[in-house]
Every structure is written in structure tokens, then in C-alpha cells.
$ cat my_file_27.pdb   # PDB, C-alpha atoms
MODEL        1
ATOM      1  CA  MET A   1       0.000   0.000   0.000
ATOM      2  CA  GLU A   2       1.089   3.545  -0.717
ATOM      3  CA  PHE A   3       2.336   5.545   2.264
ATOM      4  CA  HIS A   4      -0.124   8.443   1.806
ATOM      5  CA  LEU A   5      -3.124   6.089   1.604
ATOM      6  CA  ALA A   6      -2.013   4.253   4.726
ATOM      7  CA  VAL A   7      -1.602   7.583   6.532
ATOM      8  CA  GLU A   8      -5.185   8.503   5.632
ATOM      9  CA  ARG A   9      -6.400   5.240   7.164
ATOM     10  CA  PHE A  10      -4.269   5.841  10.256
ATOM     11  CA  LEU A  11      -5.594   9.370  10.792
ATOM     12  CA  ASN A  12      -9.147   8.176  10.282
ATOM     13  CA  HIS A  13      -8.547   5.457  12.886
ATOM     14  CA  LEU A  14      -7.247   8.033  15.390
ATOM     15  CA  LYS A  15     -10.268  10.241  14.783
ATOM     16  CA  LEU A  16     -12.999   7.589  14.929
ATOM     17  CA  SER A  17     -11.577   4.970  17.306
ATOM     18  CA  LYS A  18      -9.324   6.989  19.586
ATOM     19  CA  GLY A  19     -11.267  10.268  19.612
ATOM     20  CA  VAL A  20      -8.125  12.406  19.423
ATOM     21  CA  SER A  21      -8.457  16.164  19.072
ATOM     22  CA  VAL A  22      -8.285  18.090  15.803
ATOM     23  CA  HIS A  23      -5.028  19.627  17.042
ATOM     24  CA  THR A  24      -3.481  16.178  17.618
ATOM     25  CA  LEU A  25      -4.637  14.929  14.231
ATOM     26  CA  ARG A  26      -3.095  17.953  12.563
ATOM     27  CA  GLY A  27       0.173  17.262  14.376
ATOM     28  CA  TYR A  28       0.311  13.628  13.234
ATOM     29  CA  SER A  29      -0.530  14.657   9.682
ATOM     30  CA  THR A  30       2.207  17.307   9.618
ATOM     31  CA  ASP A  31       4.852  14.997  11.085
ATOM     32  CA  LEU A  32       4.082  12.121   8.714
ATOM     33  CA  GLN A  33       3.915  14.439   5.733
ATOM     34  CA  GLY A  34       7.357  15.721   6.708
ATOM     35  CA  PHE A  35       8.756  12.205   6.397
ATOM     36  CA  ARG A  36       7.038  11.638   3.067
ATOM     37  CA  SER A  37       8.352  14.929   1.662
ATOM     38  CA  PHE A  38      11.895  13.951   2.579
ATOM     39  CA  SER A  39      11.781  10.318   1.549
ATOM     40  CA  GLN A  40      10.731  10.503  -2.082
ATOM     41  CA  GLU A  41      10.635  12.758  -5.087
ATOM     42  CA  LYS A  42       7.706  11.059  -6.799
ATOM     43  CA  ASP A  43       4.161  10.597  -5.529
ATOM     44  CA  SER A  44       4.669   6.865  -5.172
ATOM     45  CA  LEU A  45       6.054   5.612  -1.840
ATOM     46  CA  PRO A  46       5.050   2.002  -1.104
ATOM     47  CA  LEU A  47       5.193   1.093   2.578
ATOM     48  CA  ASP A  48       7.344  -1.963   1.864
ATOM     49  CA  THR A  49      10.091   0.232   0.380
ATOM     50  CA  ILE A  50      10.578   2.202   3.621
ATOM     51  CA  SER A  51      13.720   0.789   5.244
ATOM     52  CA  LYS A  52      15.694   1.346   8.446
ATOM     53  CA  ARG A  53      18.342   3.009   6.294
ATOM     54  CA  LEU A  54      15.785   5.509   4.981
ATOM     55  CA  VAL A  55      14.613   6.311   8.519
ATOM     56  CA  ARG A  56      18.218   6.845   9.650
ATOM     57  CA  ARG A  57      18.799   9.150   6.667
ATOM     58  CA  TYR A  58      15.708  11.066   7.722
ATOM     59  CA  LEU A  59      17.061  11.502  11.259
ATOM     60  CA  ALA A  60      20.365  12.722   9.816
ATOM     61  CA  HIS A  61      18.406  15.161   7.649
ATOM     62  CA  LEU A  62      16.584  16.555  10.702
ATOM     63  CA  TYR A  63      19.897  16.912  12.550
ATOM     64  CA  GLU A  64      21.563  18.688   9.621
ATOM     65  CA  ASN A  65      18.638  21.101   9.431
ATOM     66  CA  LYS A  66      18.988  21.854  13.152
ATOM     67  CA  ALA A  67      15.641  20.369  14.183
ATOM     68  CA  SER A  68      15.264  20.384  17.959
ATOM     69  CA  ILE A  69      15.395  17.169  19.969
ATOM     70  CA  ARG A  70      11.741  17.728  20.820
ATOM     71  CA  THR A  71      10.763  17.954  17.143
ATOM     72  CA  THR A  72      12.817  14.880  16.249
ATOM     73  CA  LEU A  73      11.281  12.843  19.079
ATOM     74  CA  ARG A  74       7.781  13.922  18.084
ATOM     75  CA  ARG A  75       8.320  12.921  14.455
ATOM     76  CA  LEU A  76       9.810   9.577  15.470
ATOM     77  CA  SER A  77       6.863   8.982  17.782
ATOM     78  CA  ALA A  78       4.423   9.685  14.943
ATOM     79  CA  LEU A  79       6.247   7.197  12.700
ATOM     80  CA  ARG A  80       6.329   4.551  15.438
ATOM     81  CA  SER A  81       2.585   4.881  16.063
ATOM     82  CA  PHE A  82       1.866   4.808  12.350
ATOM     83  CA  PHE A  83       3.896   1.646  11.661
ATOM     84  CA  LYS A  84       2.433  -0.170  14.685
ATOM     85  CA  PHE A  85      -0.977   0.540  13.170
ATOM     86  CA  ALA A  86       0.203  -0.546   9.708
ATOM     87  CA  ILE A  87       1.550  -3.854  11.047
ATOM     88  CA  ARG A  88      -1.610  -4.507  13.077
ATOM     89  CA  GLU A  89      -3.803  -3.810  10.046
ATOM     90  CA  LYS A  90      -1.512  -5.943   7.830
ATOM     91  CA  LEU A  91      -0.752  -3.029   5.523
ATOM     92  CA  THR A  92       2.920  -4.023   5.629
ATOM     93  CA  THR A  93       5.012  -6.789   7.157
ATOM     94  CA  GLU A  94       8.135  -4.903   8.247
ATOM     95  CA  ASN A  95       8.535  -2.203  10.871
ATOM     96  CA  PRO A  96      11.585  -0.055   9.982
ATOM     97  CA  LEU A  97      11.425   1.680  13.381
ATOM     98  CA  GLU A  98      12.139  -1.457  15.450
ATOM     99  CA  GLU A  99      15.893  -0.937  15.816
ATOM    100  CA  ILE A 100      15.904   2.849  15.624
ATOM    101  CA  GLU A 101      17.069   4.466  18.860
ATOM    102  CA  SER A 102      15.581   7.780  19.918
ATOM    103  CA  PRO A 103      17.894  10.694  20.744
ATOM    104  CA  LYS A 104      18.056  11.582  24.404
ATOM    105  CA  ARG A 105      15.529  14.181  25.457
ATOM    106  CA  GLU A 106      16.799  17.521  26.686
ATOM    107  CA  LYS A 107      15.986  17.885  30.358
ATOM    108  CA  LYS A 108      14.498  21.332  30.826
ATOM    109  CA  LEU A 109      13.184  22.347  34.202
ATOM    110  CA  PRO A 110       9.845  24.168  34.195
ATOM    111  CA  VAL A 111      10.002  27.900  34.841
ATOM    112  CA  SER A 112       8.205  29.247  37.902
ATOM    113  CA  ILE A 113       7.932  32.737  39.365
ATOM    114  CA  GLU A 114       7.570  34.260  42.828
ATOM    115  CA  TYR A 115       4.167  34.949  44.384
ATOM    116  CA  ALA A 116       4.792  38.717  44.214
ATOM    117  CA  GLN A 117       5.319  38.409  40.459
ATOM    118  CA  VAL A 118       2.088  36.427  40.123
ATOM    119  CA  GLN A 119       0.237  39.168  42.001
ATOM    120  CA  HIS A 120       1.799  41.846  39.795
ATOM    121  CA  LEU A 121       0.664  39.991  36.686
ATOM    122  CA  LEU A 122      -2.852  39.521  38.064
ATOM    123  CA  ASN A 123      -3.140  43.277  38.534
ATOM    124  CA  GLN A 124      -2.585  44.046  34.830
ATOM    125  CA  PRO A 125      -6.131  43.607  33.380
ATOM    126  CA  ASP A 126      -8.425  46.641  33.418
ATOM    127  CA  LEU A 127     -11.182  45.626  35.827
ATOM    128  CA  THR A 128     -13.503  48.418  34.641
ATOM    129  CA  SER A 129     -13.720  46.479  31.358
ATOM    130  CA  TYR A 130     -15.834  43.357  30.857
ATOM    131  CA  LEU A 131     -13.036  41.738  28.838
ATOM    132  CA  GLY A 132     -10.483  42.769  31.456
ATOM    133  CA  LEU A 133     -12.623  41.100  34.096
ATOM    134  CA  ARG A 134     -12.656  37.947  31.970
ATOM    135  CA  ASP A 135      -8.870  37.961  31.706
ATOM    136  CA  ARG A 136      -8.463  38.433  35.457
ATOM    137  CA  ALA A 137     -10.809  35.485  36.075
ATOM    138  CA  ILE A 138      -8.731  33.328  33.715
ATOM    139  CA  MET A 139      -5.476  34.286  35.440
ATOM    140  CA  GLU A 140      -6.951  33.641  38.877
ATOM    141  CA  LEU A 141      -8.164  30.226  37.730
ATOM    142  CA  LEU A 142      -4.775  29.309  36.274
ATOM    143  CA  TYR A 143      -3.099  30.080  39.591
ATOM    144  CA  SER A 144      -5.916  28.646  41.688
ATOM    145  CA  SER A 145      -6.016  25.184  40.214
ATOM    146  CA  GLY A 146      -3.015  24.728  37.916
ATOM    147  CA  LEU A 147      -5.151  24.017  34.883
ATOM    148  CA  ARG A 148      -3.746  23.685  31.392
ATOM    149  CA  LEU A 149      -4.762  26.535  29.102
ATOM    150  CA  SER A 150      -6.681  24.093  26.878
ATOM    151  CA  GLU A 151      -8.614  22.952  29.956
ATOM    152  CA  VAL A 152      -9.515  26.534  30.887
ATOM    153  CA  VAL A 153     -10.873  27.508  27.470
ATOM    154  CA  GLY A 154     -12.705  24.178  27.247
ATOM    155  CA  LEU A 155     -14.704  24.810  30.432
ATOM    156  CA  CYS A 156     -18.489  24.916  30.225
ATOM    157  CA  LYS A 157     -20.883  26.460  32.725
ATOM    158  CA  ARG A 158     -22.106  22.988  33.686
ATOM    159  CA  ASN A 159     -18.530  22.085  34.722
ATOM    160  CA  LEU A 160     -18.650  24.603  37.578
ATOM    161  CA  ASP A 161     -20.101  23.450  40.910
ATOM    162  CA  VAL A 162     -20.430  26.630  42.949
ATOM    163  CA  LYS A 163     -21.608  24.900  46.101
ATOM    164  CA  SER A 164     -18.659  22.499  46.358
ATOM    165  CA  GLN A 165     -16.200  24.965  44.764
ATOM    166  CA  GLN A 166     -15.080  22.392  42.237
ATOM    167  CA  LEU A 167     -14.609  22.141  38.491
ATOM    168  CA  SER A 168     -15.115  19.113  36.311
ATOM    169  CA  VAL A 169     -12.114  19.261  33.971
ATOM    170  CA  PHE A 170     -11.375  17.281  30.824
ATOM    171  CA  GLY A 171      -7.610  16.956  30.435
ATOM    172  CA  LYS A 172      -5.320  15.160  28.008
ATOM    173  CA  GLY A 173      -6.922  12.132  26.393
ATOM    174  CA  LYS A 174     -10.309  13.515  27.485
ATOM    175  CA  LYS A 175      -9.674  12.184  30.991
ATOM    176  CA  GLN A 176     -12.039  13.774  33.464
ATOM    177  CA  ARG A 177     -11.035  14.922  36.934
ATOM    178  CA  MET A 178     -12.547  17.039  39.673
ATOM    179  CA  THR A 179     -10.386  19.907  40.859
ATOM    180  CA  PRO A 180     -11.040  22.424  43.635
ATOM    181  CA  ILE A 181     -10.877  26.171  43.082
ATOM    182  CA  THR A 182     -10.150  28.879  45.602
ATOM    183  CA  GLN A 183     -12.873  31.192  46.845
ATOM    184  CA  THR A 184     -10.989  34.075  45.231
ATOM    185  CA  ALA A 185     -10.995  32.449  41.800
ATOM    186  CA  LEU A 186     -14.644  31.463  42.180
ATOM    187  CA  ASP A 187     -15.591  35.051  43.043
ATOM    188  CA  TRP A 188     -13.867  36.389  39.916
ATOM    189  CA  ILE A 189     -15.530  33.781  37.703
ATOM    190  CA  LEU A 190     -18.971  34.608  39.118
ATOM    191  CA  LYS A 191     -18.348  38.339  38.654
ATOM    192  CA  TYR A 192     -17.559  37.655  35.031
ATOM    193  CA  LEU A 193     -20.480  35.255  34.450
ATOM    194  CA  ASN A 194     -22.955  37.623  36.094
ATOM    195  CA  HIS A 195     -21.631  40.825  34.537
ATOM    196  CA  PRO A 196     -24.525  42.726  32.865
ATOM    197  CA  GLU A 197     -22.479  43.287  29.701
ATOM    198  CA  ARG A 198     -22.314  39.529  29.071
ATOM    199  CA  MET A 199     -25.808  39.703  27.604
ATOM    200  CA  LEU A 200     -25.340  43.057  25.830
ATOM    201  CA  ASP A 201     -23.577  44.302  22.713
ATOM    202  CA  ALA A 202     -20.918  46.869  23.577
ATOM    203  CA  THR A 203     -18.261  48.847  21.742
ATOM    204  CA  ASP A 204     -15.538  46.255  22.341
ATOM    205  CA  HIS A 205     -17.537  43.014  22.384
ATOM    206  CA  ARG A 206     -20.794  41.311  21.416
ATOM    207  CA  ALA A 207     -23.414  39.722  23.635
ATOM    208  CA  GLU A 208     -23.236  36.056  24.568
ATOM    209  CA  ALA A 209     -23.886  34.049  21.416
ATOM    210  CA  ASP A 210     -22.982  30.665  22.872
ATOM    211  CA  PRO A 211     -24.587  29.917  26.270
ATOM    212  CA  ILE A 212     -22.414  26.854  26.988
ATOM    213  CA  PRO A 213     -18.797  28.068  27.571
ATOM    214  CA  ILE A 214     -17.642  29.975  30.628
ATOM    215  CA  PHE A 215     -15.115  32.108  28.780
ATOM    216  CA  LEU A 216     -16.165  33.959  25.634
ATOM    217  CA  ASN A 217     -14.290  35.928  22.987
ATOM    218  CA  ARG A 218     -15.266  39.432  21.878
ATOM    219  CA  TRP A 219     -17.819  37.957  19.468
ATOM    220  CA  GLY A 220     -19.657  36.137  22.249
ATOM    221  CA  LYS A 221     -18.411  32.662  21.287
ATOM    222  CA  ARG A 222     -16.028  30.245  22.999
ATOM    223  CA  LEU A 223     -12.600  31.737  23.633
ATOM    224  CA  ASN A 224      -9.639  29.814  22.200
ATOM    225  CA  ALA A 225      -6.146  29.270  23.587
ATOM    226  CA  ARG A 226      -4.477  31.384  20.913
ATOM    227  CA  SER A 227      -6.479  34.452  21.955
ATOM    228  CA  VAL A 228      -5.543  33.923  25.604
ATOM    229  CA  ASP A 229      -1.869  33.622  24.635
ATOM    230  CA  ARG A 230      -2.101  36.876  22.686
ATOM    231  CA  ASN A 231      -3.804  38.732  25.550
ATOM    232  CA  PHE A 232      -1.369  37.250  28.056
ATOM    233  CA  ALA A 233       1.569  38.518  25.996
ATOM    234  CA  ALA A 234       0.117  42.034  26.100
ATOM    235  CA  TYR A 235      -0.275  41.900  29.893
ATOM    236  CA  LEU A 236       3.220  40.481  30.220
ATOM    237  CA  LYS A 237       4.625  43.384  28.232
ATOM    238  CA  SER A 238       2.831  45.943  30.389
ATOM    239  CA  SER A 239       3.990  44.179  33.564
ATOM    240  CA  GLY A 240       7.682  44.362  32.661
ATOM    241  CA  LEU A 241       8.191  40.718  33.675
ATOM    242  CA  SER A 242      10.307  38.196  31.787
ATOM    243  CA  GLU A 243       9.247  37.264  28.269
ATOM    244  CA  ARG A 244       9.757  33.614  29.201
ATOM    245  CA  ILE A 245       6.540  33.641  31.239
ATOM    246  CA  THR A 246       3.501  32.047  29.588
ATOM    247  CA  PRO A 247       0.086  30.866  30.826
ATOM    248  CA  HIS A 248       1.705  27.447  31.322
ATOM    249  CA  THR A 249       4.275  29.097  33.602
ATOM    250  CA  ILE A 250       1.441  29.815  36.030
ATOM    251  CA  ARG A 251       0.640  26.086  36.127
ATOM    252  CA  HIS A 252       4.288  25.322  36.936
ATOM    253  CA  THR A 253       4.316  28.114  39.507
ATOM    254  CA  ILE A 254       1.335  26.954  41.538
ATOM    255  CA  ALA A 255       2.675  23.374  41.489
ATOM    256  CA  THR A 256       5.972  24.649  42.899
ATOM    257  CA  HIS A 257       4.192  26.786  45.502
ATOM    258  CA  TRP A 258       2.017  23.830  46.560
ATOM    259  CA  LEU A 259       5.139  21.760  47.067
ATOM    260  CA  GLU A 260       6.883  24.507  49.046
ATOM    261  CA  HIS A 261       3.887  24.799  51.342
ATOM    262  CA  GLY A 262       3.885  21.108  52.185
ATOM    263  CA  MET A 263       1.490  19.472  49.711
ATOM    264  CA  ASP A 264       2.525  15.903  48.887
ATOM    265  CA  LEU A 265       3.491  14.902  45.350
ATOM    266  CA  LYS A 266       0.624  12.421  44.938
ATOM    267  CA  THR A 267      -1.961  15.116  45.603
ATOM    268  CA  ILE A 268      -0.211  17.513  43.209
ATOM    269  CA  GLN A 269      -0.208  14.760  40.590
ATOM    270  CA  ILE A 270      -3.967  14.336  40.930
ATOM    271  CA  LEU A 271      -4.646  18.076  40.866
ATOM    272  CA  LEU A 272      -2.537  18.616  37.748
ATOM    273  CA  GLY A 273      -3.948  15.578  35.974
ATOM    274  CA  HIS A 274      -0.556  13.921  35.462
ATOM    275  CA  THR A 275      -0.774  10.261  34.427
ATOM    276  CA  CYS A 276       2.674   9.466  35.818
ATOM    277  CA  LEU A 277       4.083  10.561  39.185
ATOM    278  CA  ALA A 278       7.518  10.953  37.581
ATOM    279  CA  THR A 279       6.143  13.935  35.646
ATOM    280  CA  THR A 280       5.170  15.618  38.903
ATOM    281  CA  THR A 281       8.499  14.817  40.582
ATOM    282  CA  ILE A 282      10.256  17.361  38.373
ATOM    283  CA  TYR A 283       8.944  20.131  40.643
ATOM    284  CA  THR A 284      11.216  18.895  43.418
ATOM    285  CA  HIS A 285      14.110  20.037  41.206
ATOM    286  CA  VAL A 286      12.633  23.485  40.596
ATOM    287  CA  SER A 287      12.334  24.916  44.078
ATOM    288  CA  SER A 288      15.596  26.193  45.519
ATOM    289  CA  LYS A 289      13.657  27.149  48.635
ATOM    290  CA  LEU A 290      12.508  23.556  49.138
ATOM    291  CA  LYS A 291      16.031  22.265  48.563
ATOM    292  CA  ARG A 292      17.363  24.588  51.266
ATOM    293  CA  GLU A 293      14.644  23.618  53.749
ATOM    294  CA  VAL A 294      15.238  19.899  53.190
ATOM    295  CA  TYR A 295      19.000  20.419  53.497
ATOM    296  CA  ASP A 296      18.670  22.339  56.756
ATOM    297  CA  LYS A 297      16.309  19.756  58.244
ATOM    298  CA  THR A 298      18.308  16.681  57.288
ATOM    299  CA  HIS A 299      21.982  17.634  57.354
ATOM    300  CA  PRO A 300      23.536  16.650  60.735
ATOM    301  CA  ARG A 301      25.782  19.730  60.740
ATOM    302  CA  ALA A 302      23.222  22.242  59.494
ATOM    303  CA  LYS A 303      21.726  22.979  62.922
TER     304      LYS A 303
ENDMDL
END

$ encode --input "my_file_27.pdb" --output "C-alpha cells"
Amino acid sequence: MEFHLAVERFLNHLKLSKGVSVHTLRGYSTDLQGFRSFSQEKDSLPLDTISKRLVRRYLAHLYENKASIRTTLRRLSALRSFFKFAIREKLTTENPLEEIESPKREKKLPVSIEYAQVQHLLNQPDLTSYLGLRDRAIMELLYSSGLRLSEVVGLCKRNLDVKSQQLSVFGKGKKQRMTPITQTALDWILKYLNHPERMLDATDHRAEADPIPIFLNRWGKRLNARSVDRNFAAYLKSSGLSERITPHTIRHTIATHWLEHGMDLKTIQILLGHTCLATTTIYTHVSSKLKREVYDKTHPRAK
């Protein structure tokens, strides 16, 4: 079978059987198309002609073109998943990825900021504006519960339980979890939801056109992550803080602050929606304050 036809079947399988997001599908398509573009000059690329040597040449090509380790690993992962599917569906008999070793991943520690910097950032939105109030509510929620940005923009009104101060969140792989929110974050969300301008057209926004989402864009429909990133960048610029800070930095920050204030790793894992505890453990390497406290408590000569 031709490579491009097999890829179509693979993507269709991911969409219908696995229920992956449009974003994930687009990523797989891009990564597999990248391999196809490199590997042949003609339209024809039978699966059985793809060899280990060709895959190694592709890795060398990525290296020569200064592709990051992260990009290389992602593209290898897409190829591995694709060929496992192809073997299972008997589209080919050989898996050219079997003896291919992955490059070692760069170990980058997550960036976190001090509480005073968080507070400074939270004070940037104009609270006399309906849209500014929305942005403050989003920032408060990010710091309150350590949600991913995709989880925040995906929230619906029905996901909010005011009485128990909890949110029903759908994370990676559409896994659902219940996460608590602080009273402060809840108050800001309710101020935004109950703001009179939500149901009115104004100079800078339109009335609610979609009654399901919590957070709306200026046209009254569900807000997307790209818009939040753009607004966040503007607030970051006005704050004078480091350009390295992103909405995801706030997630890393609250995880680090939880750890510093005595929360155990297992609880942090559950709150963040991490599948593996090892992912959460990285925060023990981030906090210099925690390192110092542990050192002072445990070293026999530190008293």
C-alpha cells in the first residue's frame, strides 16, 4: 500500500476509534507528511520500500537542518505509532522503526515565578472592562487550580459546581477529573459570568452568542487558547516581567508553591492531571527554597 493512503487510514482510525483532538490529528498529519516529503521525489512511496536506512537518513536530515530534539522525538513517535498501526492492520510486514534508537531528550526544568510576580501579573487587566474582568478570572483560575490553558478555554458552565467549589475538567486524552478552586478564583468567575455586559452588545464586544462556555471571545463565542496567549503577551509586556513567562508558567508556579507549602506529590499529581508521578516529581528540582529547607532539616551539621 502507498504511504499516503495508509496515513489517511491511520488518521481516520485516530479520529474515529481513539477520539483524538483536531489539534493532535493535525500534528500527526504534519509529522508524517514531513517524512514523506523527505523520503521521495515522486508521488509513489510504497510502505514496503521504507527501510531502516531511509529512517536513519531522515534523522540525519533533521539533525543537519537543526531540528530540535523535541521535534525529532515527536516525528519519530508519529512514525512509530503509524507503523504499529500498519503492522496490526496488515498493511505491511516490516517495521523499519524497530531498531531505531531515539535521541536523548533535553531535560528542561519548568520555569516558575515568585508569588509577588504572580500578584503583579494579576493586577494588569483593566477591571472596569468586561473583557479585562474575563482575563483576570482566567489568570486567577490558572493560579488557583493549575489548569492547562486548553482545559480553561474548554470549560463549560455545567462544569462549575459553585456549592462544592469544584470544576469538572477534561484533560489530556479527554480524561475527566474534579479539581477544587479557591474562593478568590470562584468570586472572579462569578463576577464575570454575572456581569450585565455579558448579555449586551458593547463597543468592544458582542453579547453572549454561545450559552455553553464559561469564557467567551469578543464575538460572544467560545474563547480559544491562541487568543488567551495573545492577551497574556500584552499583559506580560505591560507588567515588565520576563518574556519567558507564559500561561503554562502559572501552572508550573502553583505546582511549585504547593510543594513549598507542604502538599505531597501524589496530591499535586492528581490536581494537575498527570498520568505518571515521575512527571510531577520534576517540581522537586525546581524549588531552591525547598532544597534549602530539606538540606537544613536533614543535614547533621546544618543545625

$ atom_distance --input "my_file_27.pdb" --atom1 "CA of Glu140 (chain A)" --atom2 "CA of Ala185 (chain A)"
5.1 Å

$ closest_residue --input "my_file_27.pdb" --among "A:Leu186, A:Val118, A:Ala207, A:Leu271" --to "Tyr235 (chain A)" --atoms "only C-alpha atoms"
A:Val118

$ atom_distance --input "my_file_27.pdb" --atom1 "CA of Ser129 (chain A)" --atom2 "CA of Leu241 (chain A)"
22.8 Å

$ resolve_selection --input "my_file_27.pdb" --expression "the PyMOL selection byres ((chain A and resi 261-267) around 10)" --output "count of residues only"
21

$ closest_residue --input "my_file_27.pdb" --among "A:Lys221, A:Arg26, A:Arg57, A:Lys66" --to "Ala78 (chain A)" --atoms "only C-alpha atoms"
A:Arg26

$ residues_around --input "my_file_27.pdb" --residues "Leu131 (chain A)" --least-positions-apart "5" --cutoff "9 Å" --atoms "only C-alpha atoms" --output "VMD selection string"
chain A and resid 125 to 126 136 192 204 to 205 216 to 218

$ atom_distance --input "my_file_27.pdb" --atom1 "CA of Thr72 (chain A)" --atom2 "CA of Ile100 (chain A)"
12.4 Å

$ residues_around --input "my_file_27.pdb" --residues "region 166-179 of chain A" --least-positions-apart "2" --cutoff "9 Å" --atoms "all atoms listed in the file" --output "ChimeraX atom specification"
/A:18-21,145,147-148,150-152,154-155,158-164,181-182,270-274

$ closest_residue --input "my_file_27.pdb" --among "A:Pro103, A:Gly240, A:Gly34, A:Gly132" --to "Phe215 (chain A)" --atoms "all atoms listed in the file"
A:Gly132

$ resolve_selection --input "my_file_27.pdb" --expression "the PyMOL selection byres ((chain A and resi 115) around 12)" --output "ChimeraX atom specification"
/A:112-114,116-122,143,250,253-254,256-258,260

$ residues_around --input "my_file_27.pdb" --residues "Ala234 (chain A)" --least-positions-apart "2" --cutoff "12 Å" --atoms "all atoms listed in the file" --output "VMD selection string"
chain A and resid 121 124 to 125 132 135 227 to 232 236 to 241 243 245 to 246

$ closest_residue --input "my_file_27.pdb" --among "A:Val7, A:Ile214, A:Leu91, A:Val55" --to "Ala137 (chain A)" --atoms "all atoms listed in the file"
A:Ile214

$ resolve_selection --input "my_file_27.pdb" --expression "the PyMOL selection byres ((chain A and resi 42-51) around 12)" --output "VMD selection string"
chain A and resid 1 to 7 33 35 to 41 52 to 58 79 82 to 83 86 to 87 90 to 100
